[in-house]
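Colleague: Dropping in data.csv, which is CSV, C-alpha atoms:
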```
chain,number,residue,atom,x,y,z
A,1,MET,CA,-24.9,68.1,-72.0
A,2,SER,CA,-24.3,67.4,-68.4
A,3,PHE,CA,-21.4,65.4,-67.0
A,4,GLU,CA,-23.7,62.6,-66.0
A,5,GLU,CA,-25.3,62.4,-69.5
A,6,LYS,CA,-22.0,61.6,-71.2
A,7,GLN,CA,-21.8,58.3,-73.0
A,8,ASN,CA,-18.6,57.3,-71.1
A,9,PHE,CA,-19.7,58.8,-67.8
A,10,ALA,CA,-19.1,55.6,-65.8
A,11,ARG,CA,-15.6,55.1,-67.2
A,12,GLN,CA,-14.6,58.8,-66.6
A,13,VAL,CA,-15.8,58.6,-63.0
A,14,ALA,CA,-13.8,55.4,-62.5
A,15,ASP,CA,-10.7,57.1,-64.0
A,16,LEU,CA,-11.2,60.2,-61.8
A,17,ASN,CA,-11.4,58.0,-58.7
A,18,LYS,CA,-8.3,56.1,-59.7
A,19,TYR,CA,-6.3,59.3,-60.1
A,20,GLY,CA,-7.8,60.7,-56.9
A,21,HIS,CA,-6.4,57.7,-54.9
A,22,ALA,CA,-3.1,58.0,-56.7
A,23,LEU,CA,-2.8,61.7,-55.8
A,24,ASN,CA,-3.6,61.0,-52.2
A,25,ARG,CA,-0.6,58.6,-52.1
A,26,SER,CA,1.8,61.0,-53.6
A,27,ARG,CA,4.9,61.8,-51.6
A,28,SER,CA,6.0,65.0,-53.3
A,29,ALA,CA,4.5,68.1,-55.0
A,30,GLU,CA,6.3,67.1,-58.2
A,31,GLU,CA,4.5,63.8,-58.2
A,32,VAL,CA,1.1,65.5,-57.6
A,33,VAL,CA,1.7,67.8,-60.5
A,34,SER,CA,2.9,65.1,-62.8
A,35,LEU,CA,-0.1,62.8,-62.1
A,36,THR,CA,-2.5,65.7,-62.5
A,37,LEU,CA,-1.2,66.8,-65.9
A,38,GLU,CA,-1.2,63.1,-67.0
A,39,ALA,CA,-4.9,62.9,-65.9
A,40,MET,CA,-5.8,66.1,-67.7
A,41,GLU,CA,-4.4,65.0,-71.0
A,42,LEU,CA,-5.9,61.5,-70.8
A,43,LEU,CA,-9.3,62.3,-69.5
A,44,PHE,CA,-10.0,65.4,-71.6
A,45,GLU,CA,-7.9,64.8,-74.7
A,46,PHE,CA,-6.8,68.4,-74.9
A,47,PRO,CA,-3.2,69.0,-75.9
A,48,TYR,CA,-2.4,71.7,-73.3
A,49,ALA,CA,-2.7,71.4,-69.6
A,50,THR,CA,-1.4,73.7,-66.8
A,51,PHE,CA,-1.2,73.3,-63.0
A,52,VAL,CA,-1.3,76.6,-61.0
A,53,GLU,CA,-0.6,76.8,-57.3
A,54,VAL,CA,-2.0,79.6,-55.1
A,55,GLY,CA,-0.1,80.6,-52.0
A,56,ASP,CA,-0.5,83.9,-50.0
A,57,GLY,CA,-2.6,85.3,-52.8
A,58,GLU,CA,0.2,84.7,-55.3
A,59,LEU,CA,-0.3,82.4,-58.4
A,60,ARG,CA,2.5,80.5,-60.0
A,61,VAL,CA,2.7,77.8,-62.7
A,62,LEU,CA,4.1,74.6,-61.2
A,63,ASP,CA,4.2,72.9,-64.6
A,64,SER,CA,2.5,73.1,-68.0
A,65,THR,CA,2.4,71.3,-71.4
A,66,TYR,CA,1.5,74.6,-73.0
A,67,PRO,CA,4.7,75.9,-74.7
A,68,GLU,CA,3.9,79.6,-73.8
A,69,LEU,CA,4.1,78.8,-70.0
A,70,SER,CA,7.1,77.6,-67.9
A,71,PRO,CA,7.3,76.6,-64.3
A,72,GLY,CA,7.6,79.5,-61.9
A,73,GLU,CA,5.9,82.0,-64.2
A,74,SER,CA,2.7,83.8,-63.6
A,75,PRO,CA,-0.3,82.1,-65.2
A,76,SER,CA,-2.7,83.5,-67.8
A,77,GLU,CA,-5.5,86.0,-67.1
A,78,THR,CA,-8.0,83.1,-67.4
A,79,ALA,CA,-6.5,81.3,-64.5
A,80,ARG,CA,-6.3,84.5,-62.4
A,81,ALA,CA,-10.0,85.2,-63.2
A,82,ALA,CA,-10.9,81.7,-62.0
A,83,TYR,CA,-9.0,82.3,-58.8
A,84,GLU,CA,-10.5,85.8,-58.1
A,85,ARG,CA,-14.1,84.7,-58.8
A,86,GLY,CA,-13.7,81.3,-57.1
A,87,GLU,CA,-15.6,79.6,-60.0
A,88,THR,CA,-14.8,77.9,-63.3
A,89,VAL,CA,-14.1,80.2,-66.2
A,90,VAL,CA,-14.4,79.6,-70.0
A,91,VAL,CA,-12.8,81.8,-72.7
A,92,GLU,CA,-13.3,81.1,-76.4
A,93,GLY,CA,-12.0,82.5,-79.6
A,94,GLU,CA,-8.9,84.6,-80.1
A,95,LYS,CA,-8.7,85.7,-76.5
A,96,ALA,CA,-8.4,82.1,-75.3
A,97,GLY,CA,-4.6,81.9,-76.1
A,98,ILE,CA,-1.9,83.9,-74.4
A,99,ASP,CA,-1.2,87.1,-76.4
A,100,GLY,CA,-3.7,85.9,-79.1
A,101,ASP,CA,-1.9,82.6,-79.7
A,102,PRO,CA,-3.6,81.1,-82.7
A,103,LYS,CA,-2.9,77.5,-81.5
A,104,VAL,CA,-5.5,78.0,-78.8
A,105,GLN,CA,-9.2,78.7,-79.5
A,106,GLY,CA,-10.7,77.5,-76.2
A,107,THR,CA,-9.6,77.7,-72.5
A,108,LEU,CA,-11.2,76.2,-69.4
A,109,ALA,CA,-9.9,77.1,-65.9
A,110,ALA,CA,-11.2,75.3,-62.8
A,111,PRO,CA,-10.3,76.5,-59.3
A,112,ALA,CA,-10.2,74.2,-56.2
A,113,GLU,CA,-11.0,75.5,-52.7
A,114,ILE,CA,-9.9,74.2,-49.3
A,115,VAL,CA,-11.6,75.6,-46.3
A,116,GLY,CA,-12.9,78.5,-48.3
A,117,SER,CA,-9.7,79.5,-50.0
A,118,VAL,CA,-8.6,78.7,-53.6
A,119,ARG,CA,-5.4,76.7,-53.4
A,120,ALA,CA,-5.0,75.5,-57.0
A,121,VAL,CA,-6.3,76.2,-60.5
A,122,LEU,CA,-6.2,73.6,-63.3
A,123,VAL,CA,-6.3,74.9,-66.9
A,124,VAL,CA,-6.9,73.0,-70.2
A,125,ARG,CA,-6.6,74.5,-73.6
A,126,SER,CA,-8.1,73.4,-76.9
A,127,PRO,CA,-6.9,74.2,-80.5
A,128,THR,CA,-10.5,74.4,-81.7
A,129,GLU,CA,-13.2,76.9,-80.8
A,130,GLU,CA,-15.7,74.8,-79.0
A,131,SER,CA,-18.0,75.2,-76.1
A,132,PHE,CA,-16.7,73.8,-72.8
A,133,GLY,CA,-19.9,72.6,-71.2
A,134,ASP,CA,-20.6,70.8,-68.0
A,135,GLU,CA,-19.3,67.5,-69.5
A,136,ALA,CA,-15.8,69.1,-69.4
A,137,ALA,CA,-16.0,71.5,-66.5
A,138,ARG,CA,-17.4,69.1,-63.9
A,139,PRO,CA,-14.7,66.4,-64.2
A,140,LEU,CA,-12.0,69.1,-64.3
A,141,GLU,CA,-13.4,70.6,-61.0
A,142,ILE,CA,-13.4,67.1,-59.4
A,143,LEU,CA,-9.8,66.5,-60.5
A,144,ALA,CA,-8.8,70.0,-59.3
A,145,ALA,CA,-10.3,69.2,-55.8
A,146,HIS,CA,-8.3,66.0,-55.6
A,147,ALA,CA,-5.1,67.7,-56.7
A,148,ALA,CA,-5.4,70.7,-54.4
A,149,THR,CA,-6.1,68.4,-51.4
A,150,ALA,CA,-3.1,66.2,-52.2
A,151,LEU,CA,-0.8,69.3,-52.7
A,152,ASP,CA,-2.0,71.0,-49.5
A,153,ASN,CA,-1.3,67.9,-47.5
A,154,ILE,CA,2.3,67.8,-48.8
A,155,ARG,CA,2.9,71.5,-48.2
A,156,SER,CA,1.7,71.0,-44.6
A,157,ARG,CA,4.0,68.1,-44.1
A,158,GLU,CA,6.9,70.1,-45.7
A,159,ARG,CA,6.2,73.0,-43.2
A,160,LEU,CA,6.2,70.5,-40.3
A,161,GLU,CA,9.5,68.9,-41.5
A,162,ARG,CA,11.1,72.3,-41.9
A,163,ILE,CA,10.0,73.3,-38.3
A,164,THR,CA,11.4,70.0,-37.0
A,165,ARG,CA,14.7,70.5,-38.8
A,166,ASP,CA,15.0,74.1,-37.4
A,167,LEU,CA,14.3,72.7,-33.9
A,168,GLU,CA,17.0,70.1,-34.2
A,169,LYS,CA,19.5,72.8,-35.2
A,170,ARG,CA,18.5,74.9,-32.2
A,171,LYS,CA,18.9,72.0,-29.9
A,172,GLU,CA,22.5,71.5,-31.2
A,173,MET,CA,23.2,75.2,-30.5
A,174,VAL,CA,21.7,74.8,-27.0
A,175,GLU,CA,23.9,71.9,-26.2
A,176,MET,CA,27.0,73.8,-27.4
A,177,TYR,CA,26.2,76.9,-25.4
A,178,ASP,CA,25.3,74.9,-22.4
A,179,ARG,CA,28.7,73.2,-22.4
A,180,LEU,CA,30.5,76.5,-23.0
A,181,LEU,CA,28.7,78.4,-20.3
A,182,ARG,CA,28.4,75.8,-17.5
A,183,HIS,CA,31.8,74.1,-18.0
A,184,ASP,CA,34.3,76.6,-19.4
A,185,LEU,CA,33.1,80.0,-18.3
A,186,GLY,CA,31.5,78.6,-15.1
A,187,ASN,CA,34.8,77.0,-14.0
A,188,ASP,CA,36.7,80.2,-14.6
A,189,LEU,CA,34.2,82.2,-12.5
A,190,GLN,CA,34.5,79.7,-9.7
A,191,VAL,CA,38.2,80.2,-9.6
A,192,ILE,CA,37.8,84.1,-9.7
A,193,SER,CA,35.3,83.9,-6.8
A,194,ALA,CA,37.6,81.6,-4.8
A,195,PHE,CA,40.6,84.0,-5.2
A,196,ALA,CA,38.4,87.0,-4.3
A,197,ASP,CA,37.2,85.3,-1.1
A,198,HIS,CA,40.9,84.5,-0.2
A,199,LEU,CA,41.9,88.1,-0.9
A,200,ARG,CA,39.1,89.4,1.2
A,201,THR,CA,40.3,87.5,4.3
A,202,LEU,CA,43.7,89.3,4.2
A,203,GLY,CA,41.9,92.4,5.4
A,204,ASP,CA,44.1,94.9,3.6
A,205,GLY,CA,42.1,98.2,3.3
A,206,ASP,CA,41.2,98.9,-0.3
A,207,ALA,CA,42.1,95.3,-1.3
A,208,GLU,CA,39.2,94.0,0.9
A,209,GLU,CA,36.7,96.4,-0.8
A,210,TYR,CA,37.8,95.4,-4.3
A,211,ALA,CA,37.8,91.7,-3.4
A,212,GLU,CA,34.2,92.2,-2.2
A,213,ARG,CA,33.2,93.7,-5.6
A,214,ILE,CA,35.0,91.0,-7.5
A,215,SER,CA,33.3,88.3,-5.5
A,216,ASN,CA,29.8,89.9,-5.9
A,217,SER,CA,30.3,90.2,-9.7
A,218,ALA,CA,31.5,86.6,-9.9
A,219,ASP,CA,28.6,85.4,-7.9
A,220,HIS,CA,26.2,87.4,-10.1
A,221,ALA,CA,27.7,85.9,-13.2
A,222,ILE,CA,27.5,82.4,-11.8
A,223,ASP,CA,23.9,82.9,-11.0
A,224,LEU,CA,23.2,84.2,-14.5
A,225,ILE,CA,24.9,81.2,-16.1
A,226,ASP,CA,22.8,78.9,-14.0
A,227,ARG,CA,19.6,80.7,-15.2
A,228,ILE,CA,20.7,80.5,-18.8
A,229,GLY,CA,21.8,76.9,-18.4
A,230,ASN,CA,18.4,75.9,-16.9
A,231,LEU,CA,16.6,77.7,-19.7
A,232,MET,CA,18.7,75.9,-22.3
A,233,SER,CA,18.1,72.6,-20.7
A,234,THR,CA,14.4,73.2,-20.8
A,235,LEU,CA,14.5,74.0,-24.5
A,236,GLU,CA,16.7,71.0,-25.2
A,237,GLU,CA,14.3,68.6,-23.4
A,238,GLN,CA,11.1,69.8,-25.1
A,239,GLU,CA,9.3,67.4,-27.5
A,240,GLU,CA,9.2,68.0,-31.2
A,241,PRO,CA,6.3,70.3,-32.3
A,242,GLU,CA,3.1,68.6,-33.3
A,243,PRO,CA,-0.5,69.7,-33.9
A,244,ARG,CA,-2.1,71.0,-30.7
A,245,PRO,CA,-5.4,72.7,-30.0
A,246,LEU,CA,-4.8,76.3,-29.1
A,247,ARG,CA,-7.9,76.9,-27.0
A,248,PRO,CA,-7.0,74.7,-24.0
A,249,VAL,CA,-3.4,76.1,-24.0
A,250,ILE,CA,-4.8,79.6,-23.8
A,251,GLU,CA,-7.4,78.6,-21.1
A,252,ASN,CA,-4.7,76.9,-18.9
A,253,ALA,CA,-2.2,79.8,-19.2
A,254,VAL,CA,-4.9,82.3,-18.3
A,255,GLY,CA,-6.0,80.2,-15.3
A,256,THR,CA,-2.4,79.9,-14.1
A,257,VAL,CA,-1.5,83.6,-14.2
A,258,THR,CA,-4.8,84.9,-12.8
A,259,ASP,CA,-4.5,82.4,-9.8
A,260,GLN,CA,-0.9,83.6,-9.3
A,261,TYR,CA,-1.4,87.4,-9.6
A,262,GLU,CA,-4.4,89.1,-8.0
A,263,SER,CA,-3.6,92.4,-9.7
A,264,LEU,CA,-4.0,90.8,-13.2
A,265,SER,CA,-7.3,90.3,-15.0
A,266,VAL,CA,-7.6,88.7,-18.5
A,267,GLU,CA,-10.5,89.3,-20.9
A,268,TYR,CA,-11.0,86.9,-23.8
A,269,ASP,CA,-13.5,84.7,-25.6
A,270,PRO,CA,-12.3,81.0,-25.5
A,271,GLU,CA,-14.3,80.1,-28.6
A,272,ALA,CA,-12.3,82.6,-30.6
A,273,PHE,CA,-9.2,80.3,-30.2
A,274,ASP,CA,-10.6,77.1,-31.7
A,275,TYR,CA,-7.6,76.5,-34.0
A,276,ASP,CA,-5.0,73.7,-34.2
A,277,VAL,CA,-1.4,75.0,-34.3
A,278,PHE,CA,2.1,73.5,-34.3
A,279,GLY,CA,3.7,73.6,-30.9
A,280,GLY,CA,5.7,71.6,-28.4
A,281,ASP,CA,5.1,70.8,-24.8
A,282,LEU,CA,6.4,74.3,-23.7
A,283,LEU,CA,3.7,76.2,-25.6
A,284,GLU,CA,1.6,76.7,-22.5
A,285,ARG,CA,4.6,77.8,-20.4
A,286,MET,CA,5.5,80.3,-23.1
A,287,LEU,CA,2.1,81.9,-23.0
A,288,THR,CA,2.0,81.9,-19.2
A,289,ASN,CA,5.4,83.7,-19.2
A,290,LEU,CA,4.1,86.3,-21.6
A,291,LEU,CA,0.9,87.0,-19.6
A,292,ALA,CA,2.8,87.1,-16.3
A,293,ASN,CA,5.0,89.9,-17.7
A,294,ALA,CA,2.0,92.3,-17.6
A,295,ALA,CA,1.6,91.8,-13.8
A,296,VAL,CA,5.3,91.7,-13.0
A,297,HIS,CA,6.3,94.9,-14.8
A,298,ASN,CA,3.4,97.0,-13.6
A,299,GLU,CA,2.9,98.4,-10.1
A,300,ARG,CA,-0.9,98.7,-10.4
A,301,ALA,CA,-3.8,96.5,-11.4
A,302,VAL,CA,-3.5,95.5,-15.1
A,303,THR,CA,-6.1,94.2,-17.6
A,304,VAL,CA,-4.9,92.0,-20.5
A,305,ARG,CA,-7.1,91.4,-23.6
A,306,LEU,CA,-6.6,88.3,-25.7
A,307,SER,CA,-8.0,88.2,-29.2
A,308,VAL,CA,-7.4,86.7,-32.7
A,309,ALA,CA,-6.2,89.5,-34.9
A,310,ASP,CA,-5.9,87.5,-38.1
A,311,ALA,CA,-6.3,83.9,-39.4
A,312,ASP,CA,-5.9,82.2,-42.7
A,313,GLN,CA,-5.2,78.6,-43.9
A,314,LYS,CA,-1.5,78.8,-42.9
A,315,GLU,CA,-1.3,81.0,-39.8
A,316,VAL,CA,-3.3,82.5,-36.9
A,317,THR,CA,-2.2,85.7,-35.1
A,318,VAL,CA,-3.0,86.2,-31.5
A,319,THR,CA,-2.8,89.6,-29.8
A,320,VAL,CA,-1.9,90.1,-26.1
A,321,ALA,CA,-2.7,93.7,-25.2
A,322,ASP,CA,-2.5,95.3,-21.8
A,323,ASP,CA,-3.3,98.7,-20.3
A,324,GLY,CA,-0.1,98.9,-18.3
A,325,ARG,CA,2.7,101.4,-18.6
A,326,GLY,CA,3.9,100.1,-21.9
A,327,ILE,CA,7.4,99.5,-23.3
A,328,PRO,CA,9.7,102.3,-24.5
A,329,GLU,CA,9.7,102.4,-28.3
A,330,ASP,CA,13.4,102.4,-28.5
A,331,LEU,CA,13.4,98.9,-26.9
A,332,HIS,CA,10.9,97.4,-29.3
A,333,GLU,CA,13.4,96.2,-31.9
A,334,ASP,CA,15.8,94.6,-29.5
A,335,LEU,CA,13.3,93.4,-26.8
A,336,PHE,CA,13.4,89.8,-27.8
A,337,GLU,CA,17.2,89.5,-27.7
A,338,MET,CA,18.5,87.4,-24.7
A,339,GLY,CA,19.3,89.7,-21.8
A,340,VAL,CA,17.6,92.9,-23.1
A,341,LYS,CA,15.4,94.5,-20.5
A,342,GLY,CA,13.9,97.9,-19.6
A,343,PRO,CA,15.8,100.4,-17.5
A,344,ASP,CA,13.5,99.8,-14.5
A,345,SER,CA,13.2,96.0,-14.9
A,346,GLU,CA,14.5,93.8,-12.1
A,347,GLY,CA,14.2,90.7,-14.2
A,348,SER,CA,17.0,88.7,-16.0
A,349,GLY,CA,15.9,89.9,-19.5
A,350,PHE,CA,15.5,86.3,-20.7
A,351,GLY,CA,11.7,85.9,-20.4
A,352,LEU,CA,10.8,87.4,-23.8
A,353,GLY,CA,13.9,86.0,-25.4
A,354,PHE,CA,12.7,82.6,-24.3
A,355,VAL,CA,9.2,83.3,-25.8
A,356,ASP,CA,10.8,84.4,-29.1
A,357,MET,CA,13.1,81.5,-29.3
A,358,LEU,CA,10.4,79.0,-28.5
A,359,LEU,CA,7.8,80.5,-30.8
A,360,GLU,CA,10.3,80.6,-33.7
A,361,SER,CA,11.2,77.0,-33.1
A,362,TYR,CA,7.5,76.2,-33.6
A,363,GLY,CA,7.5,78.1,-37.0
A,364,GLY,CA,5.9,81.2,-35.6
A,365,ASP,CA,6.8,84.8,-34.9
A,366,ILE,CA,6.3,87.6,-32.3
A,367,ASP,CA,6.5,91.4,-32.4
A,368,VAL,CA,5.5,94.2,-30.0
A,369,GLY,CA,3.8,97.6,-30.3
A,370,GLU,CA,1.6,99.9,-28.3
A,371,SER,CA,-1.9,98.9,-27.3
A,372,ASP,CA,-5.0,101.1,-27.7
A,373,ALA,CA,-4.9,101.6,-23.9
A,374,GLY,CA,-1.4,102.9,-23.9
A,375,GLY,CA,0.2,99.7,-22.7
A,376,ALA,CA,2.0,97.0,-24.7
A,377,THR,CA,0.6,94.7,-27.5
A,378,PHE,CA,2.3,91.5,-28.4
A,379,ARG,CA,1.4,89.8,-31.7
A,380,LEU,CA,2.1,86.1,-31.7
A,381,THR,CA,1.8,84.2,-35.0
A,382,PHE,CA,1.4,80.4,-35.0
A,383,GLU,CA,1.6,77.9,-37.8
A,384,ARG,CA,-1.8,76.4,-38.4
A,385,VAL,CA,-2.4,72.7,-39.0
```
Can you dump the structure from the file as structure tokens?

Modeller:
Amino acid sequence: MSFEEKQNFARQVADLNKYGHALNRSRSAEEVVSLTLEAMELLFEFPYATFVEVGDGELRVLDSTYPELSPGESPSETARAAYERGETVVVEGEKAGIDGDPKVQGTLAAPAEIVGSVRAVLVVRSPTEESFGDEAARPLEILAAHAATALDNIRSRERLERITRDLEKRKEMVEMYDRLLRHDLGNDLQVISAFADHLRTLGDGDAEEYAERISNSADHAIDLIDRIGNLMSTLEEQEEPEPRPLRPVIENAVGTVTDQYESLSVEYDPEAFDYDVFGGDLLERMLTNLLANAAVHNERAVTVRLSVADADQKEVTVTVADDGRGIPEDLHEDLFEMGVKGPDSEGSGFGLGFVDMLLESYGGDIDVGESDAGGATFRLTFERV
């Protein structure tokens, strides 16, 4: 019998729509799971219902009315089979229950896909050996789709809230360091510089030479504090991250650096970057900074290749690979620390630290390795919307 041929077809469709609307209004994952289990018990009249969430290829039970399963545990083989096949699975007889549990004689597992990826599996179990036909499978599949969509929306909101909280913490740290550097340390250095200038005017042999060194060191430290302070002020003033299309950010950054550096050429396919990611208003500046590094730290013409190395429902990874002189391997691990730079670099050592800090505040990550052409390859991971 098909779903549409059921005697109570119209009522069950109405009930499914009712629960679908309720799930879309849910404010927490716990509420989604509770409503889904309630719907499974009422609509299908089977005593055992289980909600399985899929994340990064891992399956875990969020809740279950089946006594053999508890929240946080791995689900049954039937649920895993539905996930791996991407289709509804039915098991009957003594294999239907976990470890041959005689209380269960029939199990039905329905997966739900979002953008081609299974995100949840709903499982119902029956104490009698019966055939789960279309009249049971189809409505469970519809409910699974509603539940997976509602849960995915909540997980996305949770990720954004976590990123926002992390950004607020970083802003507090920025404010603290800004006050410390500009006010306390900056004032001390101004005093040192002033005394050094006075000592230098005395014109007393070695004292004049040492005063010159002290003054130069103090001036260098003051300049460094100004640079750090300006960087921190920039980070402090940025807007909260929000969904942004990656493609125009890439295109604008490429346009900026290729106009600025004649020795730099960039190869990429703009259509490959048609993704929405979380990012603030400094996302374009961050990418421009990274691309400009290839021109600044190489004495000859350099080609940079941009590509998407990996993408799933949660993240997208972009590679920035050049054919320059590369980065010493012993610097790879510490390269993104503020102030770390290569032995021949004339920069401040804060450019890549800025990129790392900013990308992390957007919920992403960055690492470095060697490119196929012998230069450097940066892998930037962004949170997808």

Colleague: Taking the point (5.2, 82.0, -27.9) as given in the file, collect each protein or nucleic acid residue that comes within 10 Å of it, counting only C-alpha atoms, and present the set as a ChimeraX atom specification.

Modeller: /A:279,282-290,318,352-362,364-366,378-382

Colleague: Quote the spacing between atom CA of A:Pro127 and atom CA of A:Ala96 in Å to one decimal place.

Modeller: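 According to the coordinates, atom CA of A:Pro127 and atom CA of A:Ala96 are separated by 9.6 Å.
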
Colleague: May I have the residues within 12 Å of A:Glu113 as a PyMOL selection string, using only C-alpha atoms and disregarding those fewer than 2 positions away in the same chain?

Modeller: chain A and resi 53-54+82-88+110-111+115-122+141-149+151-152+313

Colleague: In Å, how far is it from atom CA of A:Gly369 to atom CA of A:Asp274?

Modeller: 25.1 Å

Colleague: Provide the atom CA of A:Glu45 to atom CA of A:Ala136 distance in Å, to one decimal place.

Modeller: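 These atoms are spaced 10.4 Å apart.
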
Colleague: Taking all atoms of stretch 209-221 of chain A that the file lists and extending 5 Å past them on each side, where is the centre of the axis-aligned box and how long are its edges? Answer in Å to one decimal, as lines of an AutoDock Vina configuration file.

Modeller:
```
center_x = 32.0
center_y = 90.9
center_z = -7.0
size_x = 21.6
size_y = 21.0
size_z = 22.4
```

Colleague: Which is closest to A:Thr303 among A:Ser265, A:His332, A:Glu251, A:Gly280, if we use only C-alpha atoms?

Modeller: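 Checking each candidate against A:Thr303, we get A:Ser265 as the closest.
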
Colleague: Could you tell me which of A:Met40, A:Ala292, A:Ala29, A:Val277 comes closest to A:Glu262 if we count only C-alpha atoms?

Modeller: A:Ala292

Colleague: Find, counting only C-alpha atoms, the residue in A:Ala137, A:Ala22, A:Val316, A:Ala207 that gets nearest to A:Gly363.

Modeller: A:Val316

Colleague: Considering only C-alpha atoms, can you say which of A:Val266, A:Ile114, A:Leu108, A:Val191 comes closest to A:Ile214?

Modeller: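 Answer, going by the shortest atom-to-atom distance: A:Val191.
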
Colleague: For A:Pro139, which residue out of A:Arg384, A:Asn216, A:Phe44, A:Lys103 is the nearest one, using only C-alpha atoms?

Modeller: A:Phe44

Colleague: Counting all atoms listed in the file, select every polymer residue within 12 Å of (4.4, 96.5, -25.8) as defined in the file's coordinates, and provide the selection as a PyMOL selection string.

Modeller: chain A and resi 290-291+293-294+297+304+319-333+335-336+342+352+366-379

Colleague: A:Thr50, A:Thr258, A:Glu92, A:Arg138: which is nearest A:Ser74, counting all atoms listed in the file?

Modeller: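 That would be A:Thr50, the residue with the smallest distance to A:Ser74.
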
Colleague: Contacts of A:Ala194 at 12 Å or less, counting only C-alpha atoms, minus same-chain residues fewer than 4 places along, as a list in words?

Modeller: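 Listing them by chain and then by number gives Asn187, Asp188, Leu189, Gln190, His198, Leu199, Arg200, Thr201, Ala211, Glu212, Ile214, Ser215, Asn216, Ala218 and Asp219 of chain A.
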
Colleague: Got a sec: who's within 10 Å of A:Tyr275, counting all atoms listed in the file, leaving out chain neighbours fewer than 4 positions off, as a list in words?

Modeller: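 So, after excluding close chain neighbours, the residues are Pro243, Arg244, Pro245, Leu246, Arg247, Glu271, Ala311, Glu315, Val316, Phe382, Arg384 and Val385 of chain A.
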
Colleague: Which neighbours of A:Gly100 fall inside 12 Å, counting all atoms listed in the file, when residues of the same chain fewer than 6 positions from it are skipped, and could you give them as a VMD selection string?

Modeller: chain A and resid 68 76 91 to 94 106
